Every structure is written in structure tokens, then in C-alpha cells.
Amino acid sequence: MATDFKFIPVIDVSPLLEKWDHPNIAQDEGVAQVVKQLDQACRDAGFFYVKGHGIPVSLMKEIKNIAREYFHQPYEEKIEIKLSAETGYRGYQRIGENITKGKPDIHEAIDCYREVKHGMYGGLGDVMQGSNIWPTNPPNFKQLMEEYIDRCTDLSRKIMRGIALALGGSADEMEGDIGGDPFWVLRIIGYPAASISNGHDKAHDDVGCGAHTDYGLLTLVNQDDDIVALQVRNKSGEWISAPPIPGTFVCNIGDMLKILSNGIYESTLHRVINNSPKYRVCVAYFYEPNFDAGSRATGCVFTEDWWHQEF
Ligand SMILES: N=C(N)NCCCC[C@H](N)C(=O)O
Ligand SMILES: O=C(O)CCC(=O)C(=O)O
Ligand SMILES: [Fe+2]
């Protein structure tokens with residue numbers, strides 16, 4: 001479980017990104033500082049802000065803006081790309097359709113997953129078979145999202161290198177059979193504004209997304225700059241806000257990293273409540289191990305012994 005943290009730390013990952021492929025990465029002083037901060041954040045909150053990530057802030061903003069434009073359209077337009085079993089669960093999901101712990105979430109979303117072809121991963125991937133379906137409006141939606149996904153995948157891989165070092169492994173410990181060919185999920189999410197006077201939109205304190213932990217390795221959250229809605233639970237059960245810090249991502253650990261780290265790091269409960277009078281957009285990228293990693297993994301890759309090494 002998380003500690004009694006009161007705020008979420010900010011980590012500048014640029015030294016790690018600069019040296020990510022360096023053969024002596026583990027000896028680098030700048031990288032060691034980042035690794036130390038990652039370790040502390042993963043032990044305390046399981047959440048941290050990422051700055052110095054190299055993804056253009058203009059792209060981070062643009063994808064939220066095109067998402068807002070898409071959600072602003074009438075329902076009949078949005079439902080053109082409806083999520084279903086036939087699309088491999090890719091596409092538009094209306095408000096209340098996503099369920100967390102048995103309760104409908106007050107959000108709408110477009111779900112995107114890495115392409116899965118027939119027979120990939122044996123029969124294991126068949127349920128997720130398909131490729132993403134994109135809205136025709138706005139016209140540059142697909143191109144921008146695909147560029148964004150590539151950049152998030154690259155950034156996540158590099159952060160995972162820092163985390164592998166933090167756990168006392170080698171930088172590429174989480175690659176190869178574990179995460180060398182990562183699966184990913186992108187959720188483009190819209191949370192209705194809170195209506196002050198019992199309007200038709202939604203009531204105050206409606207839950208945008210119920211308390212949950214994410215199930216992958218790492219999540220990169222790109223949230224609207226002007227609304228505080230994401231909350232993270234500490235050990236005493238207090239909900240600590242993760243207010244937007246423009247130009248940063250909120251990064252959090254998922255359940256699969258908890259398993260791979262033998263419980264040294266844990267995924268932290270979080271939820272979303274949009275009590276602002278504005279519609280809130282968030283684009284969440286979920287970085288996961290290889291689709292078939294679970295079927296081959298023999299258990300934990302890191303143990304306490306590994307951690308007790310100096311780095
Ligand atoms: N329609 C839905 N919810 N699809 C699954 C998305 C997975 C994201 C999730 N919060 C996670 O734990 O990674
Ligand atoms: O909207 C947010 O800030 C976070 C969303 C989230 O936690 C999720 O989709 O898993
Ligand atoms: Fe989440």
C-alpha cells in the first residue's frame with residue numbers, strides 16, 4: 001500500500017532520456033539521481049509527474065483539443081465508431097457504459113488498442129483482434145493520435161528502464177520477453193461538466209471514474225490544464241489531488257509492475273470527480289507488457305536482494 005504521502009512529486013526525467021541507451025547507464029550520476037527519485041516515488045505514492053519528457057507540449061495540447069472537438073459533436077456522429085466485440089472493443093463508448101466496481105462511470109471515451117492480427121499470440125489475442133477505428137472528424141485525428149501513441153510508447157520504455165535500474169536490475173530487464181514488444185491502450189476520455197442547478201448534464205460529485213488501480217505497467221495521463229479532478233488515495237484513506245501541472249504527464253504504476261517487482265512497488269487507488277463547470281478531457285496512455293508475457297513469465301523478475309544492491 002502507498003504511504004501517507006500528501007503530494008505527488010515531480011521528476012525531471014531528461015537525464016535518463018539522454019542516456020537511455022548508454023552502455024554505462026547504471027554508472028551515470030545524472031541517471032542515478034532520476035533513478036533514486038523514481039524509486040522513492042514508486043514506494044511512496046505510486047504516482048509522479050513527469051517533466052523533461054521531450055514530447056512537444058503543442059502535441060499534448062492538440063490531441064486534447066481534437067478530442068474535445070470530437071466529443072462536442074452530436075451523439076449520432078460519435079456513435080459512428082461504436083465500440084463492440086466486432087471491433088475488438090475499439091471505438092466510442094457512451095457516458096455510463098464503462099463500469100468500475102459495478103457502478104457506471106460518468107464519462108465517455110474512445111478506446112484504442114495496439115493492433116492484433118488473427119493468430120497473433122496463438123489464440124490468446126483473438127478476443128482483441130482488430131485495428132483502431134478513427135473518427136473522420138476532425139480529419140487529422142488519426143494521424144495526430146498515432147504520432148502521440150508512438151511518442152508515449154517510446155517515453156514509457158525509457159521510464160521503465162529507469163524503474164528497472166531502481167529495482168536493482170539491468171536497464172533492459174523489463175524488455176525482451178517481458179516488455180520488448182509492448183501492448184498498449186489509449187483511452188481518450190471526456191468528463192461532463194458539473195451542472196450547478198440540477199441541469200441535464202450531471203450532478204455535483206458524480207463519479208467520472210470510480211476508484212481503481214490501473215492494470216498495466218505504467219500509465220501516462222495527459223489531463224486538461226485548468227481542472228482539478230484526479231484524486232489519489234494515500235495509506236490513511238485521504239484523497240490527495242493530482243492538480244494539472246501544464247506540460248507534464250501524471251505517471252502511475254499499474255498492477256503488472258506490482259507483480260513484476262514482487263510487491264516492492266504497488267499500484268495506487270485513484271478516481272476522477274469533475275466538479276468544475278467545464279467539460280474535462282484527459283488522454284490516458286497505458287503501457288503494458290508483451291501481450292503474451294503472462295503466458296511465459298515464470299514469476300517475479302526482481303526480489304528484495306536485487307534491490308539491496310547499490311546503484
Ligand atoms: N473500456 C475499458 N475500460 N477498457 C480497458 C482500458 C484499460 C484501462 C485501465 N484503466 C487500466 O487499468 O489500465
Ligand atoms: O482522467 C484521469 O485523470 C485519469 C483516468 C484514469 O484513471 C483511467 O482512465 O484509468
Ligand atoms: Fe486509472
# chains A, B, ... in the order shown; residues from 1 in each chain; ligands from 1
>>> residues_around(residues="Gly30 (chain A)", least_positions_apart="4", cutoff="12 Å", atoms="only C-alpha atoms", output="count of residues only")
18
>>> residues_around(residues="region 139-141 of chain A", least_positions_apart="2", cutoff="12 Å", atoms="only C-alpha atoms", output="ChimeraX atom specification")
/A:59,62-70,110,132-137,143-148,188
>>> residues_near_ligand(ligand="ligand 3", cutoff="12 Å", atoms="only C-alpha atoms and all ligand atoms", output="PyMOL selection string")
chain A and resi 46-47+100+185-187+189+208-222+230-232+250-255+267-272+282-287
>>> select_by_dssp(residues="region 56-192 of chain A", states="strand (DSSP E)", output="ChimeraX atom specification")
/A:91-93,99-100,103-104,108-113,182-191
>>> write_last_selection(atoms="C-alpha atoms", output="JSON list (two decimals), in the first residue's frame")
[["chain", "number", "residue", "atom", "x", "y", "z"],
["A", 91, "GLY", "CA", -14.18, 2.70, -30.57],
["A", 92, "TYR", "CA", -16.64, 5.03, -28.87],
["A", 93, "GLN", "CA", -18.19, 4.25, -25.52],
["A", 99, "ILE", "CA", -18.28, 0.24, -15.34],
["A", 100, "THR", "CA", -15.89, 0.42, -12.38],
["A", 103, "LYS", "CA", -21.02, 1.36, -10.98],
["A", 104, "PRO", "CA", -21.37, 3.23, -14.27],
["A", 108, "GLU", "CA", -17.46, 8.93, -22.48],
["A", 109, "ALA", "CA", -14.38, 7.66, -24.27],
["A", 110, "ILE", "CA", -12.72, 6.33, -27.37],
["A", 111, "ASP", "CA", -10.79, 3.13, -26.67],
["A", 112, "CYS", "CA", -7.77, 2.32, -28.81],
["A", 113, "TYR", "CA", -5.57, -0.75, -28.54],
["A", 182, "PRO", "CA", 4.68, -3.96, -25.52],
["A", 183, "PHE", "CA", 0.93, -3.96, -25.74],
["A", 184, "TRP", "CA", -0.72, -0.59, -25.14],
["A", 185, "VAL", "CA", -4.11, 1.00, -24.62],
["A", 186, "LEU", "CA", -5.08, 4.60, -25.32],
["A", 187, "ARG", "CA", -8.26, 5.98, -23.76],
["A", 188, "ILE", "CA", -9.42, 9.37, -24.97],
["A", 189, "ILE", "CA", -11.80, 10.40, -22.20],
["A", 190, "GLY", "CA", -14.38, 13.16, -21.73],
["A", 191, "TYR", "CA", -15.98, 14.02, -18.39]]
>>> closest_residue(among="A:Ala164, A:Ile159, A:Ile106, A:Ala41", to="ligand 2", atoms="only C-alpha atoms and all ligand atoms")
A:Ile106
>>> select_by_dssp(residues="region 63-194 of chain A", states="alpha helix (DSSP H)", output="PyMOL selection string")
chain A and resi 63-72+75-78+141-166+176-179
>>> closest_residue(among="A:Gly237, A:Gly54, A:Pro289, A:Gly247", to="ligand 1", atoms="only C-alpha atoms and all ligand atoms")
A:Pro289
>>> atom_distance(atom1="CA of Gly168 (chain A)", atom2="CA of Leu260 (chain A)")
12.6 Å
>>> residues_around(residues="Pro246 (chain A)", least_positions_apart="5", cutoff="9 Å", atoms="only C-alpha atoms", output="list in words")
Val57, Gln223, Asp224, Asp225 and Asp226 of chain A
>>> residues_around(residues="Val127 (chain A)", least_positions_apart="5", cutoff="9 Å", atoms="only C-alpha atoms", output="VMD selection string")
chain A and resid 85 88 to 89
>>> closest_residue(among="A:Phe249, A:Tyr265, A:Trp239, A:Phe291", to="Asp177 (chain A)", atoms="only C-alpha atoms")
A:Phe291
>>> atom_distance(atom1="CA of Arg280 (chain A)", atom2="CA of Arg114 (chain A)")
25.1 Å
>>> closest_residue(among="A:Ile273, A:Thr248, A:Val207, A:Gly122", to="Ala229 (chain A)", atoms="only C-alpha atoms")
A:Ile273
